[in-house]
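Source file: my_file-v9.cif; contents: mmCIF, C-alpha atoms.
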data_structure
loop_
_atom_site.label_atom_id
_atom_site.label_comp_id
_atom_site.auth_asym_id
_atom_site.auth_seq_id
_atom_site.Cartn_x
_atom_site.Cartn_y
_atom_site.Cartn_z
CA MET A 1 139.63 132.84 77.77
CA GLN A 2 136.19 131.34 78.44
CA LEU A 3 136.30 128.51 80.96
CA PRO A 4 134.60 125.22 80.09
CA ASP A 5 130.95 125.02 81.13
CA PRO A 6 130.15 122.61 83.97
CA GLN A 7 128.15 119.56 82.93
CA SER A 8 125.98 119.36 86.00
CA LEU A 9 125.15 121.06 89.27
CA PRO A 10 125.34 118.46 92.08
CA ALA A 11 124.78 119.40 95.69
CA ALA A 12 127.92 120.77 97.31
CA ALA A 13 129.39 118.76 100.14
CA GLY A 14 131.12 121.73 101.77
CA ALA A 15 129.87 123.53 104.85
CA GLY A 16 131.25 126.79 106.19
CA ALA A 17 129.70 129.80 104.54
CA ASP A 18 126.81 127.72 103.20
CA GLU A 19 125.70 126.97 106.75
CA ALA A 20 125.75 130.68 107.49
CA VAL A 21 122.89 131.36 105.09
CA ALA A 22 120.76 128.39 106.09
CA GLY A 23 117.21 129.53 106.50
CA VAL A 24 117.68 132.74 104.50
CA GLY A 25 114.97 131.98 101.97
CA GLY A 26 116.41 130.47 98.81
CA ALA A 27 119.83 131.99 99.42
CA ALA A 28 121.25 128.84 100.99
CA ALA A 29 120.52 126.66 97.97
CA GLU A 30 121.67 129.39 95.59
CA GLN A 31 124.93 129.90 97.45
CA ASP A 32 125.42 126.15 97.62
CA GLY A 33 124.99 125.97 93.85
CA TYR A 34 127.38 128.84 93.25
CA ARG A 35 130.12 127.25 95.34
CA THR A 36 129.71 124.00 93.41
CA LEU A 37 129.96 125.78 90.07
CA LEU A 38 132.96 127.73 91.31
CA SER A 39 134.79 124.57 92.41
CA GLU A 40 134.02 122.80 89.13
CA ARG A 41 135.12 125.76 87.07
CA MET A 42 138.32 126.19 89.07
CA ALA A 43 139.17 122.50 88.70
CA GLY A 44 138.46 122.60 84.97
CA PHE A 45 140.63 125.62 84.41
CA LEU A 46 143.53 124.22 86.42
CA ASP A 47 143.27 120.87 84.64
CA LEU A 48 143.58 122.71 81.34
CA GLN A 49 146.61 124.62 82.57
CA ARG A 50 148.18 121.45 83.94
CA GLY A 51 147.87 119.84 80.53
CA GLN A 52 149.53 122.81 78.85
CA LEU A 53 152.43 122.74 81.30
CA GLN A 54 152.87 119.00 80.82
CA GLU A 55 153.56 119.75 77.17
CA VAL A 56 156.50 121.81 78.40
CA SER A 57 157.63 119.23 80.96
CA SER A 58 156.00 116.81 83.36
CA ASP A 59 158.03 118.51 86.11
CA ALA A 60 156.33 121.86 85.45
CA SER A 61 152.87 120.49 86.28
CA GLU A 62 153.86 120.52 89.98
CA LEU A 63 153.31 124.27 89.91
CA VAL A 64 149.64 123.78 89.10
CA ASP A 65 149.34 120.95 91.62
CA ALA A 66 150.49 123.34 94.36
CA ILE A 67 147.99 125.99 93.26
CA ALA A 68 145.16 123.47 93.08
CA GLN A 69 145.79 122.20 96.60
CA LEU A 70 145.81 125.73 98.03
CA ALA A 71 142.83 126.98 96.00
CA ASP A 72 140.75 123.97 97.02
CA GLY A 73 140.52 125.22 100.61
CA GLY A 74 139.34 128.42 102.21
CA LYS A 75 136.00 129.98 102.99
CA ARG A 76 135.36 131.52 99.54
CA LEU A 77 134.29 134.72 101.31
CA ARG A 78 135.62 136.99 98.55
CA ALA A 79 134.03 135.01 95.74
CA LEU A 80 130.71 134.85 97.60
CA LEU A 81 130.72 138.60 98.20
CA SER A 82 131.39 139.11 94.52
CA TYR A 83 128.47 136.84 93.66
CA TRP A 84 126.01 138.60 95.93
CA GLY A 85 127.28 141.96 94.65
CA TRP A 86 126.42 140.68 91.17
CA ARG A 87 122.96 139.53 92.28
CA GLY A 88 122.26 142.73 94.18
CA ALA A 89 122.87 144.72 90.98
CA GLY A 90 120.39 142.62 89.04
CA GLY A 91 122.68 139.89 87.75
CA ALA A 92 121.12 136.54 86.85
CA ARG A 93 121.27 133.59 89.24
CA LEU A 94 124.39 131.41 88.87
CA ALA A 95 125.43 133.27 85.73
CA ASP A 96 128.64 132.32 83.95
CA ASP A 97 130.22 135.78 84.35
CA ALA A 98 129.70 135.67 88.11
CA VAL A 99 131.28 132.22 88.36
CA GLN A 100 134.31 133.28 86.35
CA ALA A 101 134.72 136.40 88.47
CA GLY A 102 134.77 134.18 91.55
CA VAL A 103 137.46 131.97 90.04
CA ALA A 104 139.59 135.02 89.18
CA ILE A 105 139.24 136.39 92.71
CA GLU A 106 140.06 133.04 94.33
CA LEU A 107 143.16 132.65 92.14
CA PHE A 108 144.28 136.15 93.09
CA GLN A 109 143.74 135.26 96.74
CA ALA A 110 145.80 132.09 96.33
CA ALA A 111 148.65 134.05 94.71
CA ALA A 112 148.60 136.57 97.54
CA LEU A 113 148.72 133.79 100.14
CA ILE A 114 151.65 132.07 98.43
CA HIS A 115 153.71 135.25 98.45
CA ASP A 116 152.53 136.27 101.91
CA ASP A 117 153.68 132.96 103.39
CA ILE A 118 157.13 133.44 101.85
CA ILE A 119 157.38 136.95 103.28
CA ASP A 120 156.16 135.81 106.70
CA ARG A 121 158.23 132.60 106.69
CA SER A 122 155.04 130.67 107.45
CA ALA A 123 155.52 126.92 107.34
CA THR A 124 151.80 126.11 107.27
CA ARG A 125 148.64 127.33 105.60
CA ARG A 126 145.20 125.93 106.38
CA GLY A 127 146.76 123.13 108.38
CA LYS A 128 149.02 121.98 105.53
CA PRO A 129 152.56 122.91 104.45
CA SER A 130 152.65 126.34 102.80
CA VAL A 131 153.63 126.29 99.13
CA HIS A 132 157.28 127.18 99.67
CA ARG A 133 157.48 124.59 102.43
CA ARG A 134 155.85 122.01 100.12
CA PHE A 135 158.58 122.51 97.52
CA GLU A 136 161.26 122.51 100.20
CA LEU A 137 160.01 119.16 101.48
CA ASN A 138 159.93 117.79 97.92
CA HIS A 139 163.58 118.79 97.53
CA ALA A 140 164.59 117.07 100.77
CA GLU A 141 162.59 113.91 100.12
CA ARG A 142 164.06 113.47 96.63
CA GLY A 143 167.62 114.12 97.69
CA TRP A 144 168.25 116.95 95.25
CA ALA A 145 171.38 119.10 95.27
CA LEU A 146 171.96 122.52 96.88
CA ASP A 147 169.77 124.30 99.42
CA PRO A 148 166.19 122.98 99.85
CA ALA A 149 164.93 126.18 101.52
CA HIS A 150 166.16 128.37 98.66
CA PHE A 151 164.62 126.03 96.12
CA GLY A 152 161.33 126.08 98.01
CA GLN A 153 161.19 129.86 98.05
CA ALA A 154 162.18 130.20 94.40
CA ALA A 155 159.62 127.63 93.28
CA ALA A 156 156.89 129.27 95.38
CA ILE A 157 157.63 132.74 93.99
CA LEU A 158 157.21 131.34 90.49
CA THR A 159 154.06 129.50 91.54
CA GLY A 160 152.59 132.71 92.95
CA ASP A 161 153.49 134.61 89.79
CA LEU A 162 151.87 131.90 87.67
CA CYS A 163 148.75 132.06 89.85
CA LEU A 164 148.56 135.83 89.35
CA SER A 165 148.80 135.27 85.61
CA PHE A 166 146.00 132.70 85.79
CA SER A 167 143.82 135.17 87.71
CA GLU A 168 144.25 137.79 85.01
CA GLU A 169 143.60 135.24 82.25
CA VAL A 170 140.32 134.19 83.81
CA PHE A 171 139.16 137.74 84.51
CA ALA A 172 140.05 138.94 81.00
CA GLY A 173 137.83 136.16 79.61
CA ILE A 174 134.69 137.64 81.19
CA PRO A 175 132.69 139.47 78.49
CA ALA A 176 131.63 142.18 80.97
CA ALA A 177 135.18 142.70 82.31
CA SER A 178 135.62 146.26 81.14
CA GLY A 179 134.90 149.78 82.33
CA SER A 180 134.40 150.12 86.07
CA ALA A 181 134.81 146.37 86.68
CA ARG A 182 138.26 146.38 85.11
CA LEU A 183 139.24 149.48 87.10
CA ILE A 184 138.17 147.82 90.37
CA PHE A 185 140.07 144.61 89.55
CA ASN A 186 143.22 146.55 88.67
CA ARG A 187 142.98 148.77 91.75
CA MET A 188 142.49 145.74 93.98
CA ARG A 189 145.74 144.18 92.81
CA THR A 190 147.73 147.40 93.06
CA GLU A 191 146.49 148.23 96.56
CA VAL A 192 147.25 144.76 97.90
CA MET A 193 150.86 144.99 96.69
CA ALA A 194 151.24 148.46 98.21
CA GLY A 195 149.68 147.33 101.48
CA GLN A 196 151.92 144.28 101.60
CA TYR A 197 154.99 146.48 101.17
CA LEU A 198 153.83 148.82 103.95
CA ASP A 199 153.44 145.76 106.17
CA VAL A 200 156.99 144.58 105.46
CA LEU A 201 158.30 148.12 105.92
CA GLU A 202 156.55 148.52 109.27
CA GLU A 203 158.20 145.39 110.62
CA VAL A 204 161.66 146.85 110.09
CA ALA A 205 161.00 150.60 110.43
CA GLY A 206 158.16 150.54 112.96
CA PRO A 207 160.31 150.25 116.11
CA GLY A 208 162.02 153.55 115.22
CA ARG A 209 158.83 155.43 114.38
CA PRO A 210 156.57 157.30 116.84
CA SER A 211 154.75 154.70 118.93
CA GLY A 212 151.73 157.00 119.27
CA GLU A 213 151.11 156.62 115.54
CA ALA A 214 151.46 152.84 115.49
CA VAL A 215 147.72 152.15 115.50
CA ASP A 216 147.08 154.57 112.63
CA ARG A 217 149.90 152.99 110.61
CA ALA A 218 148.54 149.52 111.34
CA LEU A 219 145.05 150.56 110.26
CA ARG A 220 146.38 151.87 106.96
CA ILE A 221 148.21 148.60 106.33
CA LEU A 222 145.14 146.62 107.34
CA ARG A 223 142.91 148.62 105.00
CA TYR A 224 145.04 148.31 101.88
CA LYS A 225 146.68 144.94 102.41
CA SER A 226 143.52 143.11 103.39
CA ALA A 227 140.25 144.90 104.16
CA LYS A 228 139.62 146.33 100.73
CA TYR A 229 140.42 143.18 98.80
CA SER A 230 138.77 140.88 101.35
CA SER A 231 135.37 142.53 101.09
CA GLU A 232 135.03 145.94 99.44
CA HIS A 233 136.60 145.21 96.06
CA PRO A 234 134.96 141.78 95.57
CA LEU A 235 131.47 143.09 96.39
CA CYS A 236 131.90 146.16 94.20
CA LEU A 237 133.47 144.11 91.42
CA GLY A 238 130.46 141.80 91.28
CA GLY A 239 128.16 144.78 91.20
CA ALA A 240 130.14 146.50 88.45
CA LEU A 241 130.10 143.36 86.30
CA ALA A 242 126.29 143.38 86.52
CA GLY A 243 126.12 147.06 85.57
CA ALA A 244 125.78 148.72 88.99
CA GLY A 245 125.86 152.51 88.92
CA PRO A 246 127.94 154.82 91.13
CA GLN A 247 125.29 155.08 93.87
CA LEU A 248 125.03 151.31 94.38
CA ILE A 249 128.81 150.93 94.25
CA ALA A 250 129.13 153.62 96.93
CA ALA A 251 126.50 151.86 99.07
CA TYR A 252 128.37 148.58 98.65
CA SER A 253 131.58 150.29 99.82
CA ALA A 254 129.89 151.79 102.87
CA PHE A 255 128.92 148.28 103.95
CA SER A 256 131.92 146.23 102.89
CA LEU A 257 134.90 148.38 103.89
CA PRO A 258 134.12 148.46 107.64
CA LEU A 259 133.21 144.78 107.34
CA GLY A 260 136.68 144.09 105.93
CA GLU A 261 138.29 146.12 108.70
CA ALA A 262 136.41 144.17 111.36
CA PHE A 263 137.34 140.93 109.59
CA GLN A 264 141.05 141.77 109.59
CA ILE A 265 141.21 142.93 113.21
CA ARG A 266 139.52 139.63 114.09
CA ASP A 267 142.28 137.93 112.08
CA ASP A 268 144.89 139.87 114.09
CA VAL A 269 143.32 138.70 117.34
CA LEU A 270 143.26 135.10 116.12
CA GLY A 271 146.92 135.42 115.08
CA VAL A 272 147.82 135.89 118.75
CA PHE A 273 145.02 134.21 120.71
CA GLY A 274 143.58 131.72 118.21
CA ASP A 275 143.43 127.97 118.73
CA PRO A 276 145.84 126.21 116.31
CA ALA A 277 143.33 123.38 115.93
CA THR A 278 140.90 125.79 114.25
CA THR A 279 143.21 128.40 112.69
CA GLY A 280 145.59 125.90 111.08
CA LYS A 281 148.53 128.04 112.21
CA PRO A 282 150.89 127.61 115.20
CA ALA A 283 149.91 129.35 118.42
CA GLY A 284 151.05 132.98 118.52
CA ASP A 285 152.35 132.81 114.95
CA ASP A 286 151.89 136.55 114.36
CA LEU A 287 154.18 137.26 117.32
CA ARG A 288 156.98 135.11 115.90
CA GLU A 289 156.51 136.74 112.49
CA GLY A 290 156.79 140.22 114.02
CA LYS A 291 153.43 141.44 112.77
CA ARG A 292 152.87 145.05 113.88
CA THR A 293 149.12 144.80 113.85
CA VAL A 294 146.46 147.05 115.33
CA LEU A 295 146.48 144.76 118.37
CA ILE A 296 150.23 145.26 118.88
CA GLY A 297 149.93 149.01 118.30
CA LEU A 298 147.24 149.23 120.95
CA ALA A 299 149.37 147.22 123.37
CA VAL A 300 152.47 149.39 122.91
CA ASP A 301 150.34 152.50 123.45
CA ARG A 302 148.66 151.20 126.59
CA CYS A 303 151.21 149.13 128.49
CA SER A 304 153.99 150.27 130.82
CA PRO A 305 157.41 151.35 129.43
CA ALA A 306 158.96 148.11 130.69
CA GLU A 307 156.24 146.04 129.06
CA ALA A 308 156.57 147.99 125.82
CA GLU A 309 160.30 147.33 125.86
CA PHE A 310 159.60 143.63 126.34
CA ILE A 311 157.20 143.61 123.37
CA GLN A 312 159.71 145.41 121.16
CA ALA A 313 162.50 143.00 122.17
CA LYS A 314 160.51 139.82 121.64
CA LEU A 315 158.30 140.64 118.66
CA GLY A 316 159.55 138.93 115.52
CA LEU A 317 161.90 136.42 117.15
CA PRO A 318 161.30 133.13 115.30
CA ASP A 319 162.40 131.06 118.30
CA LEU A 320 159.97 132.61 120.80
CA SER A 321 159.23 130.06 123.51
CA ASP A 322 155.71 129.14 124.56
CA GLY A 323 156.39 130.92 127.86
CA GLU A 324 157.40 134.13 126.10
CA ILE A 325 154.30 133.96 123.93
CA ASP A 326 152.19 133.53 127.05
CA SER A 327 153.89 136.57 128.60
CA LEU A 328 153.20 138.69 125.51
CA ARG A 329 149.59 137.56 125.50
CA ALA A 330 149.27 138.45 129.18
CA ILE A 331 150.58 141.98 128.55
CA ILE A 332 148.25 142.49 125.57
CA GLU A 333 145.27 141.37 127.61
CA SER A 334 146.08 143.04 130.93
CA CYS A 335 146.80 146.47 129.42
CA GLY A 336 143.39 146.51 127.74
CA ALA A 337 144.61 146.16 124.15
CA LEU A 338 142.61 142.99 123.53
CA ALA A 339 139.43 144.57 124.88
CA GLU A 340 140.03 147.68 122.75
CA ALA A 341 140.55 145.53 119.65
CA GLU A 342 137.24 143.79 120.36
CA SER A 343 135.60 147.21 120.74
CA MET A 344 136.99 148.25 117.34
CA ILE A 345 135.62 145.06 115.80
CA SER A 346 132.22 145.89 117.29
CA ALA A 347 132.35 149.49 116.05
CA PHE A 348 133.35 148.55 112.51
CA SER A 349 130.74 145.79 112.51
CA SER A 350 128.07 148.24 113.65
CA ASP A 351 128.96 150.59 110.79
CA ALA A 352 128.76 147.70 108.33
CA TYR A 353 125.38 146.49 109.59
CA SER A 354 123.97 150.01 109.57
CA ALA A 355 125.04 150.44 105.95
CA LEU A 356 123.62 147.02 105.10
CA GLU A 357 120.19 148.12 106.30
CA LYS A 358 120.29 150.90 103.70
CA LEU A 359 121.42 148.78 100.75
CA PRO A 360 118.88 148.96 97.91
CA VAL A 361 118.89 145.22 97.25
CA GLU A 362 116.26 142.49 97.50
CA ASP A 363 115.74 140.66 100.78
CA THR A 364 117.45 137.46 99.59
CA VAL A 365 120.65 139.34 98.79
CA ALA A 366 120.53 141.38 101.99
CA GLY A 367 120.02 138.22 104.05
CA ALA A 368 122.94 136.46 102.38
CA LEU A 369 125.22 139.47 102.92
CA ARG A 370 124.18 139.67 106.57
CA ALA A 371 125.00 135.99 107.08
CA LEU A 372 128.42 136.41 105.45
CA ALA A 373 129.07 139.47 107.61
CA ASP A 374 128.15 137.49 110.75
CA ARG A 375 130.56 134.75 109.75
CA ALA A 376 133.38 137.20 108.97
CA VAL A 377 133.35 139.00 112.30
CA GLN A 378 132.44 136.09 114.57
CA ARG A 379 134.82 133.52 113.09
CA THR A 380 137.31 131.44 115.06
CA SER A 381 139.57 130.43 112.17
#
Translate this structure into structure tokens?
Amino acid sequence: MQLPDPQSLPAAAGAGADEAVAGVGGAAAEQDGYRTLLSERMAGFLDLQRGQLQEVSSDASELVDAIAQLADGGKRLRALLSYWGWRGAGGARLADDAVQAGVAIELFQAAALIHDDIIDRSATRRGKPSVHRRFELNHAERGWALDPAHFGQAAAILTGDLCLSFSEEVFAGIPAASGSARLIFNRMRTEVMAGQYLDVLEEVAGPGRPSGEAVDRALRILRYKSAKYSSEHPLCLGGALAGAGPQLIAAYSAFSLPLGEAFQIRDDVLGVFGDPATTGKPAGDDLREGKRTVLIGLAVDRCSPAEAEFIQAKLGLPDLSDGEIDSLRAIIESCGALAEAESMISAFSSDAYSALEKLPVEDTVAGALRALADRAVQRTS
């Protein structure tokens, strides 16, 4: 399905990633224009879908409303990487195919977040109620029958499934969405689901597995659940849509995979030490959710047996007190796990920047990718 063409290209009001490329030649204005087109195209597509669902029932349009609210936020990192991958392979500025690819990627991201929040029992996302919590609150406010939490989860699962379907519909409507581009898009979706399962499995099976392998297991989860689809697959997908050959795709991977790994370890650090005012999530949320991240693996490896026992006993308790979270943070920091995680971020970032220097792309593209990389690894939210 071809999405409706935007009627105009006004200046975007958003900041974030656009500010990151300020001063990089014409990249700032180009990226600003792409984000505007992306937002317009996303809104147009969702309006069309809302209208179709209203023909079924006015109640059903709430599914699209939930998707639209979630998809309206975020940094657009994946879509922007896809765009610059397209441009680096010779794709035309602000081309329709590149915009549609960004919409497909952002819808896939939204679907993944909806399901991830259900799995993690997260009540908030980007400072607002998560989708399952949104439906749960609707149930309570309207005085409906039966269990509001169950309704919220059921409605959110269906919303996430619908969002996945929308992502595929948009991607399939891209004329160039065949060959290597289709393979990358398919692989991205498969790997995320596998990585998500490994993450869930590690939460329940990890305590009984060798602690010395915890970091390696966490890195595998990180790579397939997040790193590849946060950076590697979007960049390579954009390149493939523009006709990039195997050598450029390999060069894109050499840059974007370590960038994604640095990005996700930064996310793990923020999940424990981040400021709720900037992350939009409660303080220490990853600890309450029982996330067995690289940071936790490093801590269990480095701390004393008594401290490791404390971590294992407290990790994943939803009613962790602020004092217990502070104690866990103190252990993670004092044993050197936090410093080691920062060193890993630096090492992965160094690999990414070294590969970026070798990318056979024009200076405008290289500058934009460098700015996005800076933002990814230095972020606070």
I need the residue set behind the PyMOL selection byres ((chain A and resi 352-368) around 9) for this file; please write it as a compact mmCIF listing (two decimals) with C-alpha atoms, keeping the file's coordinate frame.
# COMPACT_ATOMS: atom_id res chain seq x y z
CA ALA A 20 125.75 130.68 107.49
CA VAL A 21 122.89 131.36 105.09
CA VAL A 24 117.68 132.74 104.50
CA GLY A 25 114.97 131.98 101.97
CA GLY A 26 116.41 130.47 98.81
CA ALA A 27 119.83 131.99 99.42
CA ALA A 28 121.25 128.84 100.99
CA GLN A 31 124.93 129.90 97.45
CA TRP A 84 126.01 138.60 95.93
CA GLY A 85 127.28 141.96 94.65
CA ARG A 87 122.96 139.53 92.28
CA GLY A 88 122.26 142.73 94.18
CA ALA A 89 122.87 144.72 90.98
CA GLY A 90 120.39 142.62 89.04
CA LEU A 248 125.03 151.31 94.38
CA ALA A 251 126.50 151.86 99.07
CA TYR A 252 128.37 148.58 98.65
CA SER A 253 131.58 150.29 99.82
CA ALA A 254 129.89 151.79 102.87
CA PHE A 255 128.92 148.28 103.95
CA SER A 256 131.92 146.23 102.89
CA LEU A 257 134.90 148.38 103.89
CA PRO A 258 134.12 148.46 107.64
CA LEU A 259 133.21 144.78 107.34
CA ALA A 262 136.41 144.17 111.36
CA ALA A 347 132.35 149.49 116.05
CA PHE A 348 133.35 148.55 112.51
CA SER A 349 130.74 145.79 112.51
CA SER A 350 128.07 148.24 113.65
CA ASP A 351 128.96 150.59 110.79
CA LEU A 369 125.22 139.47 102.92
CA ARG A 370 124.18 139.67 106.57
CA ALA A 371 125.00 135.99 107.08
CA LEU A 372 128.42 136.41 105.45
CA ALA A 373 129.07 139.47 107.61
Exercise. Got a sec to resolve the PyMOL selection byres ((chain A and resi 41) around 10) on this structure and send the residues as number ranges by chain?
Worked result: A: 3-6, 35-40, 42-47, 96, 99-100, 102-103
Problem set entry | Distance in Å - CA of Lys281 (chain A) versus CA of Ala101 (chain A) | 28.7 Å
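Using all atoms listed in the file, the smallest distance between any of A:Glu342, A:Arg217, A:Ala176, A:Ser57 and Ala205 (chain A) comes from A:Arg217.
When CA of Asp199 (chain A) is paired with CA of Asp120 (chain A), their separation reads 10.3 Å.
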Could you write out as a short mmCIF file (atom, residue, chain, number, x, y, z; two decimals) with C-alpha atoms, keeping the file's coordinate frame the residues that the PyMOL selection byres ((chain A and resi 192-195) around 12) matches in the shown file?
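In the end it all went to out-v5.cif:
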data_model
loop_
_atom_site.label_atom_id
_atom_site.label_comp_id
_atom_site.auth_asym_id
_atom_site.auth_seq_id
_atom_site.Cartn_x
_atom_site.Cartn_y
_atom_site.Cartn_z
CA PHE A 108 144.28 136.15 93.09
CA GLN A 109 143.74 135.26 96.74
CA ALA A 111 148.65 134.05 94.71
CA ALA A 112 148.60 136.57 97.54
CA LEU A 113 148.72 133.79 100.14
CA HIS A 115 153.71 135.25 98.45
CA ASP A 116 152.53 136.27 101.91
CA LEU A 164 148.56 135.83 89.35
CA PHE A 185 140.07 144.61 89.55
CA ASN A 186 143.22 146.55 88.67
CA ARG A 187 142.98 148.77 91.75
CA MET A 188 142.49 145.74 93.98
CA ARG A 189 145.74 144.18 92.81
CA THR A 190 147.73 147.40 93.06
CA GLU A 191 146.49 148.23 96.56
CA GLN A 196 151.92 144.28 101.60
CA TYR A 197 154.99 146.48 101.17
CA LEU A 198 153.83 148.82 103.95
CA ASP A 199 153.44 145.76 106.17
CA VAL A 200 156.99 144.58 105.46
CA LEU A 201 158.30 148.12 105.92
CA GLU A 202 156.55 148.52 109.27
CA ARG A 217 149.90 152.99 110.61
CA ALA A 218 148.54 149.52 111.34
CA LEU A 219 145.05 150.56 110.26
CA ARG A 220 146.38 151.87 106.96
CA ILE A 221 148.21 148.60 106.33
CA LEU A 222 145.14 146.62 107.34
CA ARG A 223 142.91 148.62 105.00
CA TYR A 224 145.04 148.31 101.88
CA LYS A 225 146.68 144.94 102.41
CA SER A 226 143.52 143.11 103.39
CA ALA A 227 140.25 144.90 104.16
CA LYS A 228 139.62 146.33 100.73
CA TYR A 229 140.42 143.18 98.80
CA SER A 230 138.77 140.88 101.35
CA HIS A 233 136.60 145.21 96.06
#
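We find CA of Val131 (chain A) and CA of Leu63 (chain A) to be spaced 9.4 Å apart.
The residue that comes closest to Ala110 (chain A), out of A:Leu241, A:Leu338, A:Val204, A:Ala66 and on the basis of only C-alpha atoms, is A:Ala66.
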Problem set entry | Selected residue, from A:Asp216, A:Ala156, A:Ser82, A:Leu270, that lies nearest to Cys236 (chain A) when counting all atoms listed in the file | A:Ser82
